[in-house]
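I have placed the structure first, in the form of structure tokens, so that the comments after it can refer back to it.
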Amino acid sequence: MLIATPRMVDDYMRSLPTGSRRTIAQMRADLASANGADLACPISTSIFARIAAEVALEELEAGKQSCDVTPFWRAIGEDSPVAKRLSCGPAFIRTQRDLEMA
């Protein structure tokens with residue numbers, strides 16, 4: 001079992017192309033496969049995804065543009081349990097995804 005690092009999770013989300021959509025489960029599977037593991041820990045991966053998302057939200061609040069922060073909305077779906085715990089809520093994720101598809 002892979003215990004991904006916060007940097008691995010952040011790098012994964014940053015590598016996702018504009019307009020792409022993944023789930024935490026897909027991210028875990030991709031990280032595990034890329035690192036020669038059968039699976040990745042669901043708890044630590046979710047925690048690190050939430051941390052990356054909250055940092056990105058703080059950076060946006062401080063004036064950074066969405067293209068300059070970790071695009072967590074590409075890996076955290078609006079229906080995800082993680083989305084419900086984020087300070088922005090699922091609506092922000094929905095909006096960001098819609099903007100990228102436009």
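Residue numbering restarts at 1 for every chain of the structure tokens, chains are lettered A, B, ... in their displayed order, and ligands are numbered from 1 as they appear.
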field: Selection: 10 Å around stretch 85-102 of chain A, only C-alpha atoms, excl. self and same-chain fewer than 5 positions, as number ranges by chain
entry: A: 18-21, 50-51, 53-54, 57-58, 66, 71-80
- request: Apply DSSP to the structure's backbone, then extract all residues of chain A labelled helix (DSSP H, G or I) and return them as JSON, numbers by chain.
  value: {"A": [6, 7, 8, 9, 10, 11, 12, 13, 14, 15, 24, 25, 26, 27, 28, 29, 30, 31, 32, 33, 34, 42, 43, 44, 45, 46, 47, 48, 49, 50, 51, 52, 53, 54, 55, 56, 57, 58, 59, 60, 61, 66, 67, 68, 72, 73, 74, 81, 82, 83, 84, 85, 89, 90, 91, 92, 93, 94, 95, 96, 97, 98, 99, 100, 101]}
field: Computed interatomic separation between atom CA of A:Glu61 and atom CA of A:Gln26 (Å)
entry: 28.4 Å
Counting only C-alpha atoms, the option among A:Val9, A:Ala34, A:Gln65, A:Leu2 closest to A:Ala49: A:Val9
task: Can you pull out every residue within 12 Å of A:Ala37, counting only C-alpha atoms, but drop anything in the same chain fewer than 6 positions away, and send it as an MDAnalysis selection string?
output: chainID A and resid 1:4 28:31
Next, the residues of the selection above should be written as a PDB file, in the first residue's frame with all heavy atoms.
```
ATOM      1  N   MET A   1       0.846  -1.182   0.000  1.00  0.00           N
ATOM      2  CA  MET A   1       0.000   0.000   0.000  1.00  0.00           C
ATOM      3  C   MET A   1       0.889   1.241   0.000  1.00  0.00           C
ATOM      4  O   MET A   1       1.801   1.367   0.801  1.00  0.00           O
ATOM      5  CB  MET A   1      -0.906   0.031   1.230  1.00  0.00           C
ATOM      6  CG  MET A   1      -1.741   1.302   1.275  1.00  0.00           C
ATOM      7  SD  MET A   1      -2.740   1.534   2.747  1.00  0.00           S
ATOM      8  CE  MET A   1      -3.958   0.284   2.539  1.00  0.00           C
ATOM      9  N   LEU A   2       0.573   2.137  -0.910  1.00  0.00           N
ATOM     10  CA  LEU A   2       1.284   3.404  -1.004  1.00  0.00           C
ATOM     11  C   LEU A   2       0.688   4.398  -0.016  1.00  0.00           C
ATOM     12  O   LEU A   2      -0.527   4.576   0.035  1.00  0.00           O
ATOM     13  CB  LEU A   2       1.163   3.973  -2.424  1.00  0.00           C
ATOM     14  CG  LEU A   2       1.701   5.385  -2.624  1.00  0.00           C
ATOM     15  CD1 LEU A   2       3.231   5.385  -2.555  1.00  0.00           C
ATOM     16  CD2 LEU A   2       1.224   5.960  -3.942  1.00  0.00           C
ATOM     17  N   ILE A   3       1.546   5.018   0.752  1.00  0.00           N
ATOM     18  CA  ILE A   3       1.150   6.167   1.556  1.00  0.00           C
ATOM     19  C   ILE A   3       1.730   7.367   0.814  1.00  0.00           C
ATOM     20  O   ILE A   3       2.913   7.678   0.931  1.00  0.00           O
ATOM     21  CB  ILE A   3       1.705   6.098   3.005  1.00  0.00           C
ATOM     22  CG1 ILE A   3       1.333   4.789   3.684  1.00  0.00           C
ATOM     23  CG2 ILE A   3       1.235   7.312   3.791  1.00  0.00           C
ATOM     24  CD1 ILE A   3      -0.146   4.570   3.895  1.00  0.00           C
ATOM     25  N   ALA A   4       0.902   8.001   0.023  1.00  0.00           N
ATOM     26  CA  ALA A   4       1.359   9.137  -0.777  1.00  0.00           C
ATOM     27  C   ALA A   4       1.749  10.298   0.137  1.00  0.00           C
ATOM     28  O   ALA A   4       1.231  10.428   1.247  1.00  0.00           O
ATOM     29  CB  ALA A   4       0.253   9.573  -1.733  1.00  0.00           C
ATOM     30  N   ARG A  28      -6.009   7.874  -6.392  1.00  0.00           N
ATOM     31  CA  ARG A  28      -5.343   6.844  -5.594  1.00  0.00           C
ATOM     32  C   ARG A  28      -4.830   5.721  -6.490  1.00  0.00           C
ATOM     33  O   ARG A  28      -3.690   5.259  -6.340  1.00  0.00           O
ATOM     34  CB  ARG A  28      -6.306   6.285  -4.540  1.00  0.00           C
ATOM     35  CG  ARG A  28      -6.557   7.235  -3.396  1.00  0.00           C
ATOM     36  CD  ARG A  28      -7.465   6.688  -2.294  1.00  0.00           C
ATOM     37  NE  ARG A  28      -7.644   5.260  -2.292  1.00  0.00           N
ATOM     38  CZ  ARG A  28      -8.820   4.651  -2.465  1.00  0.00           C
ATOM     39  NH1 ARG A  28      -9.917   5.343  -2.654  1.00  0.00           N
ATOM     40  NH2 ARG A  28      -8.896   3.342  -2.418  1.00  0.00           N
ATOM     41  N   ALA A  29      -5.652   5.276  -7.414  1.00  0.00           N
ATOM     42  CA  ALA A  29      -5.251   4.198  -8.321  1.00  0.00           C
ATOM     43  C   ALA A  29      -4.077   4.623  -9.199  1.00  0.00           C
ATOM     44  O   ALA A  29      -3.123   3.863  -9.392  1.00  0.00           O
ATOM     45  CB  ALA A  29      -6.436   3.768  -9.194  1.00  0.00           C
ATOM     46  N   ASP A  30      -4.123   5.842  -9.709  1.00  0.00           N
ATOM     47  CA  ASP A  30      -3.040   6.342 -10.555  1.00  0.00           C
ATOM     48  C   ASP A  30      -1.739   6.475  -9.764  1.00  0.00           C
ATOM     49  O   ASP A  30      -0.665   6.105 -10.258  1.00  0.00           O
ATOM     50  CB  ASP A  30      -3.406   7.699 -11.162  1.00  0.00           C
ATOM     51  CG  ASP A  30      -4.508   7.616 -12.201  1.00  0.00           C
ATOM     52  OD1 ASP A  30      -4.825   6.496 -12.664  1.00  0.00           O
ATOM     53  OD2 ASP A  30      -5.061   8.685 -12.552  1.00  0.00           O
ATOM     54  N   LEU A  31      -1.826   7.007  -8.561  1.00  0.00           N
ATOM     55  CA  LEU A  31      -0.631   7.159  -7.731  1.00  0.00           C
ATOM     56  C   LEU A  31      -0.038   5.797  -7.373  1.00  0.00           C
ATOM     57  O   LEU A  31       1.182   5.611  -7.422  1.00  0.00           O
ATOM     58  CB  LEU A  31      -0.950   7.955  -6.456  1.00  0.00           C
ATOM     59  CG  LEU A  31      -1.191   9.453  -6.646  1.00  0.00           C
ATOM     60  CD1 LEU A  31      -1.744  10.063  -5.360  1.00  0.00           C
ATOM     61  CD2 LEU A  31       0.081  10.158  -7.071  1.00  0.00           C
TER      62      LEU A  31
END
```
message: Which residue is closest to A:Val69? Choose from A:Ala56, A:Ala83, A:Leu16, A:Ala32 and count only C-alpha atoms.
response: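 Under the stated criterion, the closest residue is A:Ala56.
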Which residue of A:Thr70, A:Ala25, A:Lys84, A:Ser46 approaches A:Thr5 most closely, using only C-alpha atoms: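 Closest to A:Thr5, using only C-alpha atoms: A:Ser46.
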